[in-house]
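Heads up, structure34.tsv below (TSV, C-alpha atoms (C1' of nucleotides)):
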chain	number	residue	atom	x	y	z
F	1	MET	CA	10.88	232.68	26.69
F	2	PRO	CA	11.38	233.13	30.39
F	3	HIS	CA	8.44	233.15	32.63
F	4	ASP	CA	8.05	234.73	35.91
F	5	HIS	CA	5.91	233.02	38.38
F	6	ALA	CA	8.74	231.59	40.40
F	7	ASP	CA	10.63	234.78	40.82
F	8	PHE	CA	11.70	237.72	38.78
F	9	ALA	CA	14.82	236.11	37.41
F	10	PRO	CA	14.33	234.25	34.13
F	11	HIS	CA	14.90	230.53	34.20
F	12	ASP	CA	14.45	227.43	32.09
F	13	HIS	CA	10.85	227.65	31.19
F	14	ALA	CA	10.37	224.43	29.27
F	15	ALA	CA	12.04	222.27	31.88
F	16	CYS	CA	10.09	223.86	34.61
F	17	ALA	CA	6.78	223.44	32.81
F	18	THR	CA	7.51	219.81	32.07
F	19	GLU	CA	8.35	219.14	35.64
F	20	ALA	CA	5.26	220.90	36.90
F	21	MET	CA	3.14	218.80	34.59
F	22	ALA	CA	4.76	215.63	35.84
F	23	GLN	CA	4.15	216.67	39.42
F	24	ALA	CA	0.55	217.38	38.58
F	25	GLU	CA	0.04	213.90	37.20
F	26	ASP	CA	1.67	212.40	40.23
F	27	ARG	CA	-0.49	214.28	42.56
F	28	LEU	CA	-3.72	213.54	40.79
F	29	GLY	CA	-2.85	209.89	40.46
F	30	GLN	CA	-2.62	209.65	44.21
F	31	THR	CA	-6.01	211.14	44.90
F	32	GLY	CA	-7.79	209.36	42.09
F	33	GLN	CA	-8.65	212.55	40.27
F	34	ARG	CA	-8.52	212.62	36.52
F	35	LEU	CA	-6.38	214.88	34.40
F	36	THR	CA	-8.71	214.94	31.41
F	37	PRO	CA	-7.72	216.54	28.11
F	38	VAL	CA	-9.27	219.96	28.80
F	39	ARG	CA	-7.77	220.03	32.24
F	40	ARG	CA	-4.37	219.01	31.01
F	41	ARG	CA	-4.47	221.49	28.19
F	42	THR	CA	-5.60	224.22	30.56
F	43	LEU	CA	-2.69	223.55	32.84
F	44	GLU	CA	-0.33	223.56	29.86
F	45	ILE	CA	-1.70	226.89	28.73
F	46	LEU	CA	-1.00	228.40	32.11
F	47	LEU	CA	2.43	226.84	32.28
F	48	GLU	CA	3.29	228.22	28.87
F	49	SER	CA	2.18	231.70	29.68
F	50	PRO	CA	4.61	234.34	30.81
F	51	ARG	CA	1.90	235.95	32.88
F	52	ALA	CA	-1.22	235.12	34.78
F	53	LEU	CA	-4.17	234.66	32.44
F	54	GLY	CA	-7.79	235.58	32.83
F	55	ALA	CA	-10.37	232.85	32.42
F	56	TYR	CA	-11.42	234.27	29.07
F	57	GLU	CA	-7.84	234.33	27.87
F	58	VAL	CA	-7.52	230.69	28.75
F	59	LEU	CA	-10.78	230.08	26.97
F	60	GLU	CA	-9.53	231.77	23.79
F	61	ARG	CA	-6.63	229.39	23.69
F	62	LEU	CA	-8.80	226.37	24.39
F	63	VAL	CA	-11.01	227.44	21.50
F	64	THR	CA	-8.08	227.28	19.11
F	65	ASP	CA	-7.68	223.68	20.24
F	66	GLY	CA	-11.23	222.94	19.19
F	67	TYR	CA	-13.13	223.41	22.42
F	68	ALA	CA	-16.40	225.32	22.47
F	69	ASN	CA	-16.25	229.01	23.12
F	70	GLN	CA	-18.26	228.85	26.32
F	71	PRO	CA	-17.12	230.19	29.69
F	72	PRO	CA	-17.91	227.00	31.61
F	73	VAL	CA	-15.33	225.15	29.56
F	74	ALA	CA	-12.58	227.28	30.99
F	75	TYR	CA	-14.03	227.85	34.43
F	76	ARG	CA	-14.62	224.19	35.08
F	77	ALA	CA	-11.09	223.24	34.23
F	78	LEU	CA	-9.66	226.16	36.17
F	79	ASP	CA	-11.77	225.51	39.23
F	80	PHE	CA	-10.75	221.90	39.22
F	81	LEU	CA	-7.08	222.77	38.98
F	82	VAL	CA	-7.39	225.34	41.73
F	83	ASP	CA	-9.11	222.81	43.97
F	84	GLN	CA	-6.27	220.40	43.38
F	85	GLY	CA	-3.71	223.04	44.25
F	86	LEU	CA	-2.20	222.96	40.77
F	87	VAL	CA	-3.24	226.44	39.83
F	88	HIS	CA	-3.59	229.61	41.86
F	89	ARG	CA	-6.18	232.24	41.48
F	90	ILE	CA	-4.85	235.74	41.69
F	91	ARG	CA	-7.73	237.79	42.85
F	92	ARG	CA	-6.30	241.21	42.35
F	93	LEU	CA	-5.97	240.42	38.67
F	94	ASN	CA	-8.98	238.17	38.24
F	95	ALA	CA	-6.50	235.78	36.80
F	96	PHE	CA	-4.97	232.34	37.14
F	97	ALA	CA	-1.39	231.11	37.23
F	98	ALA	CA	0.01	227.60	37.30
F	99	CYS	CA	1.49	226.63	40.60
F	100	LEU	CA	5.21	226.11	40.37
F	101	HIS	CA	5.68	224.57	43.76
F	102	VAL	CA	3.25	221.73	43.72
F	103	GLY	CA	3.18	219.83	46.93
F	104	GLU	CA	5.14	222.31	48.93
F	105	ALA	CA	3.42	223.91	51.87
F	106	HIS	CA	0.76	226.03	50.42
F	107	ALA	CA	0.00	229.54	51.32
F	108	PRO	CA	1.88	231.13	48.48
F	109	VAL	CA	2.49	234.85	48.32
F	110	PHE	CA	2.07	236.60	45.01
F	111	LEU	CA	4.07	239.66	44.17
F	112	ILE	CA	2.43	241.59	41.39
F	113	CYS	CA	4.28	244.33	39.55
F	114	ARG	CA	1.97	247.21	38.76
F	115	GLU	CA	4.19	248.34	35.92
F	116	CYS	CA	4.98	245.23	33.92
F	117	HIS	CA	2.30	242.98	35.37
F	118	MET	CA	4.65	240.16	36.10
F	119	VAL	CA	3.65	237.88	38.92
F	120	ALA	CA	6.09	236.09	41.18
F	121	GLU	CA	5.15	233.26	43.44
F	122	ALA	CA	7.26	233.79	46.50
F	123	PRO	CA	8.19	231.44	49.29
F	124	ALA	CA	5.92	232.28	52.16
F	125	ALA	CA	6.50	230.13	55.15
F	126	GLY	CA	6.98	233.11	57.43
F	127	VAL	CA	3.92	234.91	56.15
F	128	ALA	CA	1.73	231.87	56.47
F	129	SER	CA	2.81	231.22	60.02
F	130	ALA	CA	2.32	234.86	61.01
F	131	LEU	CA	-1.15	234.63	59.55
F	132	GLN	CA	-1.84	231.48	61.52
F	133	ASP	CA	-0.73	233.21	64.68
F	134	ALA	CA	-2.94	236.22	64.06
F	135	ALA	CA	-5.90	233.97	63.34
F	136	ARG	CA	-5.31	231.76	66.32
F	137	SER	CA	-5.39	234.72	68.65
F	138	LEU	CA	-8.97	235.28	67.51
F	139	HIS	CA	-9.74	231.56	67.59
F	140	PHE	CA	-10.21	231.53	63.89
F	141	THR	CA	-9.35	228.40	61.90
F	142	VAL	CA	-7.67	229.18	58.60
F	143	GLU	CA	-8.38	226.82	55.73
F	144	ARG	CA	-7.24	228.85	52.77
F	145	SER	CA	-5.51	232.12	52.37
F	146	THR	CA	-4.97	234.73	49.74
F	147	ILE	CA	-1.83	236.79	50.12
F	148	GLU	CA	-1.01	239.22	47.37
F	149	ALA	CA	1.23	242.24	47.22
F	150	LEU	CA	1.06	244.95	44.61
F	151	GLY	CA	4.17	246.98	43.98
F	152	LEU	CA	7.23	247.20	41.80
F	153	CYS	CA	9.49	244.42	40.64
F	154	PRO	CA	13.26	244.91	40.57
F	155	ALA	CA	13.21	245.77	36.89
F	156	CYS	CA	10.55	248.44	37.19
F	157	VAL	CA	11.43	250.00	40.48
F	158	GLY	CA	13.93	252.34	38.90
F	159	THR	CA	11.87	253.47	35.95
F	160	ALA	CA	8.35	253.76	37.30
F	161	PRO	CA	6.69	256.81	38.73
F	162	HIS	CA	5.22	256.38	42.12
F	163	GLY	CA	1.62	256.23	43.16
F	164	VAL	CA	-0.48	253.15	43.03
F	165	ALA	CA	-2.90	252.26	40.32
K	166	MET	CA	-26.82	245.02	66.51
K	167	PRO	CA	-23.24	243.90	66.87
K	168	HIS	CA	-21.00	243.99	63.94
K	169	ASP	CA	-17.98	242.01	63.27
K	170	HIS	CA	-15.23	243.64	61.40
K	171	ALA	CA	-13.04	244.24	64.37
K	172	ASP	CA	-13.13	240.76	65.72
K	173	PHE	CA	-15.61	238.02	66.33
K	174	ALA	CA	-16.73	239.29	69.69
K	175	PRO	CA	-19.65	241.70	69.57
K	176	HIS	CA	-19.00	245.23	70.74
K	177	ASP	CA	-20.58	248.66	70.84
K	178	HIS	CA	-21.49	249.19	67.27
K	179	ALA	CA	-22.86	252.70	67.36
K	180	ALA	CA	-19.96	254.12	69.33
K	181	CYS	CA	-17.49	252.44	67.10
K	182	ALA	CA	-19.18	253.70	63.94
K	183	THR	CA	-19.36	257.24	65.26
K	184	GLU	CA	-15.72	257.20	66.13
K	185	ALA	CA	-14.73	255.79	62.78
K	186	MET	CA	-16.67	258.54	61.07
K	187	ALA	CA	-14.94	261.17	63.14
K	188	GLN	CA	-11.57	259.69	62.30
K	189	ALA	CA	-12.48	259.73	58.65
K	190	GLU	CA	-13.27	263.42	58.72
K	191	ASP	CA	-10.05	264.15	60.51
K	192	ARG	CA	-8.04	262.30	58.04
K	193	LEU	CA	-9.66	263.82	55.02
K	194	GLY	CA	-9.42	267.28	56.47
K	195	GLN	CA	-5.68	266.87	56.65
K	196	THR	CA	-5.21	265.87	53.04
K	197	GLY	CA	-7.69	268.36	51.66
K	198	GLN	CA	-10.01	265.68	50.34
K	199	ARG	CA	-13.74	266.21	50.57
K	200	LEU	CA	-16.20	263.97	52.31
K	201	THR	CA	-19.15	264.77	50.08
K	202	PRO	CA	-22.66	263.56	50.84
K	203	VAL	CA	-22.49	260.39	48.76
K	204	ARG	CA	-19.11	259.52	50.15
K	205	ARG	CA	-20.20	260.15	53.69
K	206	ARG	CA	-23.39	258.17	53.23
K	207	THR	CA	-21.46	255.32	51.63
K	208	LEU	CA	-19.12	255.16	54.57
K	209	GLU	CA	-22.07	255.22	56.96
K	210	ILE	CA	-23.73	252.39	55.09
K	211	LEU	CA	-20.63	250.27	55.46
K	212	LEU	CA	-20.22	251.18	59.10
K	213	GLU	CA	-23.82	250.24	59.79
K	214	SER	CA	-23.57	246.89	58.10
K	215	PRO	CA	-22.88	243.74	60.04
K	216	ARG	CA	-21.09	242.28	57.06
K	217	ALA	CA	-19.06	243.31	54.08
K	218	LEU	CA	-21.26	244.62	51.30
K	219	GLY	CA	-20.99	244.26	47.54
K	220	ALA	CA	-20.95	247.42	45.47
K	221	TYR	CA	-24.47	246.72	44.28
K	222	GLU	CA	-25.69	246.27	47.82
K	223	VAL	CA	-24.25	249.63	48.73
K	224	LEU	CA	-25.90	251.05	45.63
K	225	GLU	CA	-29.31	249.69	46.66
K	226	ARG	CA	-29.04	251.54	49.92
K	227	LEU	CA	-27.88	254.72	48.26
K	228	VAL	CA	-30.88	254.51	45.97
K	229	THR	CA	-33.23	254.56	48.93
K	230	ASP	CA	-31.54	257.82	49.89
K	231	GLY	CA	-32.44	259.31	46.54
K	232	TYR	CA	-29.32	258.65	44.52
K	233	ALA	CA	-29.55	257.33	40.99
K	234	ASN	CA	-29.51	253.61	40.52
K	235	GLN	CA	-26.32	253.60	38.49
K	236	PRO	CA	-23.21	251.58	39.32
K	237	PRO	CA	-20.78	254.49	39.03
K	238	VAL	CA	-22.55	256.20	41.92
K	239	ALA	CA	-21.46	253.44	44.25
K	240	TYR	CA	-18.15	252.60	42.65
K	241	ARG	CA	-16.92	256.15	42.65
K	242	ALA	CA	-17.62	256.63	46.31
K	243	LEU	CA	-16.20	253.23	47.21
K	244	ASP	CA	-13.05	253.71	45.17
K	245	PHE	CA	-12.50	257.06	46.79
K	246	LEU	CA	-12.90	255.66	50.27
K	247	VAL	CA	-10.59	252.77	49.48
K	248	ASP	CA	-7.96	255.16	48.16
K	249	GLN	CA	-8.19	257.13	51.36
K	250	GLY	CA	-7.79	253.99	53.42
K	251	LEU	CA	-11.20	254.38	55.01
K	252	VAL	CA	-12.67	251.31	53.43
K	253	HIS	CA	-11.17	247.98	52.54
K	254	ARG	CA	-11.93	245.90	49.56
K	255	ILE	CA	-12.30	242.23	50.28
K	256	ARG	CA	-11.43	240.52	47.09
K	257	ARG	CA	-12.49	237.04	47.97
K	258	LEU	CA	-16.02	238.34	48.46
K	259	ASN	CA	-16.04	241.09	45.86
K	260	ALA	CA	-17.12	243.25	48.73
K	261	PHE	CA	-16.26	246.28	50.80
K	262	ALA	CA	-16.00	246.86	54.53
K	263	ALA	CA	-15.38	250.04	56.50
K	264	CYS	CA	-11.97	250.22	58.04
K	265	LEU	CA	-12.15	250.17	61.81
K	266	HIS	CA	-8.55	251.04	62.44
K	267	VAL	CA	-8.12	254.22	60.49
K	268	GLY	CA	-4.66	255.60	60.70
K	269	GLU	CA	-3.06	252.53	62.16
K	270	ALA	CA	-0.39	250.82	60.13
K	271	HIS	CA	-2.16	249.38	57.24
K	272	ALA	CA	-1.88	245.92	55.89
K	273	PRO	CA	-4.93	244.51	57.57
K	274	VAL	CA	-5.70	240.83	57.57
K	275	PHE	CA	-9.24	239.73	56.93
K	276	LEU	CA	-10.57	236.56	58.41
K	277	ILE	CA	-13.62	235.38	56.52
K	278	CYS	CA	-15.87	232.70	57.92
K	279	ARG	CA	-17.10	230.41	55.19
K	280	GLU	CA	-20.12	229.40	57.26
K	281	CYS	CA	-21.61	232.62	58.60
K	282	HIS	CA	-19.77	235.00	56.27
K	283	MET	CA	-18.62	237.24	59.05
K	284	VAL	CA	-15.48	239.18	58.37
K	285	ALA	CA	-12.98	240.15	61.02
K	286	GLU	CA	-10.27	242.71	60.52
K	287	ALA	CA	-7.35	241.36	62.46
K	288	PRO	CA	-4.21	243.05	63.67
K	289	ALA	CA	-1.50	242.13	61.27
K	290	ALA	CA	1.79	243.65	62.09
K	291	GLY	CA	3.55	240.29	62.05
K	292	VAL	CA	2.02	239.26	58.78
K	293	ALA	CA	2.86	242.51	57.09
K	294	SER	CA	6.45	242.38	58.18
K	295	ALA	CA	6.83	238.78	57.10
K	296	LEU	CA	5.45	239.80	53.75
K	297	GLN	CA	7.92	242.65	53.54
K	298	ASP	CA	10.75	240.27	54.30
K	299	ALA	CA	9.65	237.80	51.65
K	300	ALA	CA	9.34	240.58	49.11
K	301	ARG	CA	12.64	242.15	50.00
K	302	SER	CA	14.46	238.90	49.38
K	303	LEU	CA	13.26	239.12	45.78
K	304	HIS	CA	13.97	242.87	45.61
K	305	PHE	CA	10.31	243.58	45.23
K	306	THR	CA	8.86	246.79	46.62
K	307	VAL	CA	5.46	246.31	48.21
K	308	GLU	CA	3.02	249.20	47.94
K	309	ARG	CA	-0.24	247.53	48.82
K	310	SER	CA	-1.20	244.13	49.99
K	311	THR	CA	-4.22	241.93	50.19
K	312	ILE	CA	-4.19	239.37	52.95
K	313	GLU	CA	-7.29	237.29	53.43
K	314	ALA	CA	-7.95	234.01	55.13
K	315	LEU	CA	-10.97	231.80	54.55
K	316	GLY	CA	-11.95	229.42	57.30
K	317	LEU	CA	-14.16	229.05	60.31
K	318	CYS	CA	-14.86	231.57	63.03
K	319	PRO	CA	-15.05	230.48	66.66
K	320	ALA	CA	-18.83	230.24	66.56
K	321	CYS	CA	-18.94	228.03	63.48
K	322	VAL	CA	-15.94	225.84	64.03
K	323	GLY	CA	-17.89	223.39	66.12
K	324	THR	CA	-20.97	223.11	63.98
K	325	ALA	CA	-19.65	223.20	60.43
K	326	PRO	CA	-18.69	220.27	58.25
K	327	HIS	CA	-15.25	220.40	56.84
K	328	GLY	CA	-14.21	220.98	53.25
K	329	VAL	CA	-13.84	224.36	51.70
K	330	ALA	CA	-16.40	226.05	49.53
E	331	DA	C1'	-19.75	192.01	27.35
E	332	DA	C1'	-23.71	194.50	29.40
E	333	DT	C1'	-25.23	197.39	32.80
E	334	DC	C1'	-24.96	200.69	36.28
E	335	DT	C1'	-23.27	204.84	38.43
E	336	DA	C1'	-20.77	208.87	39.08
E	337	DT	C1'	-18.15	212.13	36.78
E	338	DT	C1'	-17.31	214.91	33.10
E	339	DT	C1'	-18.55	217.56	29.20
E	340	DG	C1'	-21.71	220.27	25.87
E	341	DT	C1'	-24.78	223.91	25.60
E	342	DT	C1'	-27.93	227.71	26.46
E	343	DA	C1'	-28.90	231.30	29.00
E	344	DT	C1'	-28.19	234.68	32.44
E	345	DA	C1'	-26.30	236.79	36.69
E	346	DT	C1'	-22.86	239.60	38.75
E	347	DT	C1'	-19.26	242.82	38.90
E	348	DG	C1'	-16.94	246.70	37.07
E	349	DT	C1'	-15.71	250.76	33.51
E	350	DA	C1'	-15.58	254.12	29.65
E	351	DA	C1'	-17.04	258.22	28.16
E	352	DC	C1'	-19.04	262.50	28.12
E	353	DG	C1'	-21.81	266.31	29.51
E	354	DT	C1'	-23.06	269.22	33.55
E	355	DC	C1'	-22.53	271.46	37.80
E	356	DA	C1'	-20.43	273.57	42.01
E	357	DG	C1'	-16.66	275.75	44.44
E	358	DG	C1'	-12.45	278.08	44.76
E	359	DA	C1'	-8.51	280.80	42.54
E	360	DT	C1'	-6.96	284.62	39.66
N	361	DA	C1'	-16.45	287.54	35.87
N	362	DT	C1'	-13.87	283.87	34.19
N	363	DC	C1'	-11.38	279.91	34.47
N	364	DC	C1'	-10.17	275.68	36.28
N	365	DT	C1'	-10.66	271.54	38.79
N	366	DG	C1'	-12.90	268.02	40.87
N	367	DA	C1'	-17.29	265.84	41.65
N	368	DC	C1'	-21.62	264.21	39.92
N	369	DG	C1'	-25.43	262.52	36.57
N	370	DT	C1'	-26.24	259.53	32.96
N	371	DT	C1'	-25.92	256.28	29.19
N	372	DA	C1'	-24.01	252.57	27.56
N	373	DC	C1'	-21.25	248.63	27.75
N	374	DA	C1'	-17.31	245.39	29.06
N	375	DA	C1'	-15.57	241.76	31.76
N	376	DT	C1'	-16.13	238.17	34.93
N	377	DA	C1'	-18.70	234.26	36.60
N	378	DT	C1'	-22.54	230.86	37.40
N	379	DA	C1'	-27.07	228.13	37.00
N	380	DA	C1'	-29.21	224.51	35.02
N	381	DC	C1'	-29.92	220.60	32.41
N	382	DA	C1'	-29.02	217.29	28.72
N	383	DA	C1'	-25.62	214.14	26.59
N	384	DA	C1'	-21.60	211.48	26.75
N	385	DT	C1'	-17.96	208.86	28.90
N	386	DA	C1'	-15.00	206.19	32.23
N	387	DG	C1'	-14.62	202.90	35.55
N	388	DA	C1'	-16.80	199.58	38.59
N	389	DT	C1'	-19.89	195.53	39.03
N	390	DT	C1'	-22.14	191.71	37.66

Kindly transcribe the structure held in the file into structure tokens.
Amino acid sequence: MPHDHADFAPHDHAACATEAMAQAEDRLGQTGQRLTPVRRRTLEILLESPRALGAYEVLERLVTDGYANQPPVAYRALDFLVDQGLVHRIRRLNAFAACLHVGEAHAPVFLICRECHMVAEAPAAGVASALQDAARSLHFTVERSTIEALGLCPACVGTAPHGVA
Amino acid sequence: MPHDHADFAPHDHAACATEAMAQAEDRLGQTGQRLTPVRRRTLEILLESPRALGAYEVLERLVTDGYANQPPVAYRALDFLVDQGLVHRIRRLNAFAACLHVGEAHAPVFLICRECHMVAEAPAAGVASALQDAARSLHFTVERSTIEALGLCPACVGTAPHGVA
DNA sequence: AATCTATTTGTTATATTGTAACGTCAGGAT
DNA sequence: ATCCTGACGTTACAATATAACAAATAGATT
């Protein structure tokens, strides 16, 4: 099963998830943060998923692993992972996706297909620096940014009607 | 009362609101869309506000004008105005702000101060084009984008502790 | 090992944000 | 006059997110 956060071309999902998990452990080890079982499982769930998942979707899956069916279970793990830069929150979808570029410069751009709902995490150096420039001209200090584009992925651009949802 | 969508420097609020309203009418006249009383009032409310407002905050104000206290009243007007490009939705805040640059090329950048919660609508040509470039390299067609930065505005950058909320 | 402390988790309850669905009404076209 | 469309009123509910506090646990300290 391919997944699609990195770009719209399928790639080796298992390898990529394994590597992301290893990077996560690395990163947490350095800062002294703990990758507890719920947190680890939450990250796995996101890595396994072909699409971004809502908090309640993550929760459903955690429940099948024996965790309580209570929103804070999912939200706490997700918030932690987001804080650590291991997971991204995709606001347009009220959803979360594992970060596939842990450690790289972080102001990722998300490309969201309105037809098939795939999400790609695109390289964004240029966008981030343009944003910095725009902010600097107003003397604004950027700490975090959310950059999301809604549109059509290569697969859907031919088949979809136009107009935006 | 200054407001702050345009940038962090205060400016003539009333004049700016009046002009924005005139632009809105223009624009709607051209496309045959109707600026009904609720819609007009909703836009006014946002133009009058010094900060972005949540849908339920807009609703509260509409209620004092005699409208029913029902979410769809606000959401319908807001969704309409967003579709017309007269209002922007700020996802990080689950809030809405009147557009102050109606008609200009539209992929506005929002700078959100985490201390004082002011929101500035910044010029964004560079950011938008960088985003287009990034998307094009993945053969993705951008239809709409959300570009938001969280950080500190000039007034708060000196006084605020660091760390992100 | 026992204790202390800070972090994490379990749990209950509730707040906030957003929609579906359906009937009614007003305005313009035929 | 009738029909049609888009807007509005209204009820109900769905989906998303957080507050608050008690219990447990890990790691540090003695």

> Counting only C-alpha atoms (C1' of nucleotides), which residues from chain F have an atom at most 10 Å from any atom of chain N, and could you show them as a ChimeraX atom specification?
Replying inline: /F:54-56,71-72,75,94

Produce a table with one row for each residue of chain F that has an atom at most 9 Å from any atom of chain K, each row naming the nearest atom pair and its distance in Å at one decimal; use all atoms listed in the file; arrange rows by chain and rising residue number; format as CSV.
residue,atom,partner,partner_atom,distance
F:Asp7,CA,K:Leu303,CA,7.1
F:Phe8,CA,K:Leu303,CA,7.3
F:Arg91,CA,K:Arg256,CA,6.3
F:Arg92,CA,K:Arg256,CA,7.0
F:Val109,CA,K:Leu296,CA,7.9
F:Leu111,CA,K:Ala300,CA,7.3
F:Ile112,CA,K:Val307,CA,8.8
F:Cys113,CA,K:Phe305,CA,8.3
F:Ala122,CA,K:Ala299,CA,7.0
F:Pro123,CA,K:Ala299,CA,6.9
F:Ala124,CA,K:Ala299,CA,6.7
F:Ala125,CA,K:Ala295,CA,8.9
F:Gly126,CA,K:Ala295,CA,5.7
F:Val127,CA,K:Ala295,CA,4.9
F:Ala128,CA,K:Val292,CA,7.7
F:Ser129,CA,K:Val292,CA,8.2
F:Ala130,CA,K:Val292,CA,4.9
F:Leu131,CA,K:Val292,CA,5.7
F:Asp133,CA,K:Gly291,CA,8.7
F:Ala134,CA,K:Ala289,CA,6.7
F:Ala135,CA,K:Leu276,CA,7.3
F:Leu138,CA,K:Asp172,CA,7.1
F:His139,CA,K:Pro319,CA,5.5
F:Phe140,CA,K:Cys318,CA,4.7
F:Thr141,CA,K:Leu317,CA,5.1
F:Val142,CA,K:Gly316,CA,4.5
F:Glu143,CA,K:Gly316,CA,4.7
F:Arg144,CA,K:Leu315,CA,5.1
F:Ser145,CA,K:Ala314,CA,4.1
F:Thr146,CA,K:Glu313,CA,5.1
F:Ile147,CA,K:Ile312,CA,4.5
F:Glu148,CA,K:Thr311,CA,5.1
F:Ala149,CA,K:Ser310,CA,4.1
F:Leu150,CA,K:Arg309,CA,5.1
F:Gly151,CA,K:Val307,CA,4.5
F:Leu152,CA,K:Thr306,CA,5.1
F:Cys153,CA,K:Phe305,CA,4.7
F:Pro154,CA,K:His304,CA,5.5
F:Val157,CA,K:Thr306,CA,7.4
F:Gly163,CA,K:Glu308,CA,8.6
F:Val164,CA,K:Glu308,CA,7.2

>> Please find the residues of chain E near chain F - the criterion being any atom within 9 Å, counting all atoms listed in the file - and write them as JSON, numbers by chain.
In response: {"E": [338, 339, 340, 341]}

What are the centre and the three edge lengths of an axis-aligned box that wraps all atoms of range 123-141 of chain F in the file, given that 6 Å is added to every side, written as AutoDock Vina command-line options and rounded to one decimal in Å?
--center_x -1.0 --center_y 232.3 --center_z 59.0 --size_x 30.4 --size_y 19.8 --size_z 31.4

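Taking CA of Cys16 in chain F and CA of Val102 in chain F as the two end points, the separation is 11.6 Å.
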
> What gap, in Å, lies between CA of Gly250 in chain K and CA of Leu193 in chain K?
Replying inline: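 The value is 10.1 Å.
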
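Rounded to one decimal, CA of Arg204 in chain K and C1' of DT346 in chain E lie 23.3 Å from each other.
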
Could you pull out every residue with an atom within 8 Å of (-7.1, 220.0, 37.6), file coordinates, counting all atoms listed in the file, and send them as a PDB file with C-alpha atoms, in the coordinates of the input?
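Listing of point_24.pdb after writing:
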ATOM      1  CA  LEU F  28      -3.720 213.540  40.790  1.00  0.00           C
ATOM      2  CA  ARG F  34      -8.520 212.620  36.520  1.00  0.00           C
ATOM      3  CA  LEU F  35      -6.380 214.880  34.400  1.00  0.00           C
ATOM      4  CA  ARG F  39      -7.770 220.030  32.240  1.00  0.00           C
ATOM      5  CA  ARG F  40      -4.370 219.010  31.010  1.00  0.00           C
ATOM      6  CA  LEU F  43      -2.690 223.550  32.840  1.00  0.00           C
ATOM      7  CA  ALA F  77     -11.090 223.240  34.230  1.00  0.00           C
ATOM      8  CA  LEU F  78      -9.660 226.160  36.170  1.00  0.00           C
ATOM      9  CA  ASP F  79     -11.770 225.510  39.230  1.00  0.00           C
ATOM     10  CA  PHE F  80     -10.750 221.900  39.220  1.00  0.00           C
ATOM     11  CA  LEU F  81      -7.080 222.770  38.980  1.00  0.00           C
ATOM     12  CA  VAL F  82      -7.390 225.340  41.730  1.00  0.00           C
ATOM     13  CA  ASP F  83      -9.110 222.810  43.970  1.00  0.00           C
ATOM     14  CA  GLN F  84      -6.270 220.400  43.380  1.00  0.00           C
ATOM     15  CA  LEU F  86      -2.200 222.960  40.770  1.00  0.00           C
ATOM     16  CA  VAL F  87      -3.240 226.440  39.830  1.00  0.00           C
TER      17      VAL F  87
END

Missing atoms in range 30-41 of chain F should be modelled up to N, CA and C atoms and reported as a CSV table (one decimal), keeping the file's coordinate frame.
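Done, and the output landed in part-v3.csv:
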chain,number,residue,atom,x,y,z
F,30,GLN,N,-2.5,210.1,42.8
F,30,GLN,CA,-2.6,209.6,44.2
F,30,GLN,C,-4.0,209.8,44.8
F,31,THR,N,-4.7,210.9,44.3
F,31,THR,CA,-6.0,211.1,44.9
F,31,THR,C,-7.1,210.6,44.0
F,32,GLY,N,-6.8,210.0,42.9
F,32,GLY,CA,-7.8,209.4,42.1
F,32,GLY,C,-8.5,210.3,41.2
F,33,GLN,N,-8.0,211.6,41.1
F,33,GLN,CA,-8.6,212.6,40.3
F,33,GLN,C,-8.1,212.4,38.9
F,34,ARG,N,-8.9,212.8,37.9
F,34,ARG,CA,-8.5,212.6,36.5
F,34,ARG,C,-8.0,213.9,35.8
F,35,LEU,N,-6.9,213.8,35.2
F,35,LEU,CA,-6.4,214.9,34.4
F,35,LEU,C,-6.9,214.7,33.0
F,36,THR,N,-8.1,215.1,32.7
F,36,THR,CA,-8.7,214.9,31.4
F,36,THR,C,-8.1,215.9,30.4
F,37,PRO,N,-8.4,215.7,29.1
F,37,PRO,CA,-7.7,216.5,28.1
F,37,PRO,C,-7.9,218.1,28.3
F,38,VAL,N,-9.1,218.5,28.6
F,38,VAL,CA,-9.3,220.0,28.8
F,38,VAL,C,-8.5,220.4,30.0
F,39,ARG,N,-8.5,219.6,31.0
F,39,ARG,CA,-7.8,220.0,32.2
F,39,ARG,C,-6.3,220.1,32.0
F,40,ARG,N,-5.8,219.1,31.3
F,40,ARG,CA,-4.4,219.0,31.0
F,40,ARG,C,-4.0,220.2,30.1
F,41,ARG,N,-4.8,220.4,29.1
F,41,ARG,CA,-4.5,221.5,28.2
F,41,ARG,C,-4.5,222.8,28.9
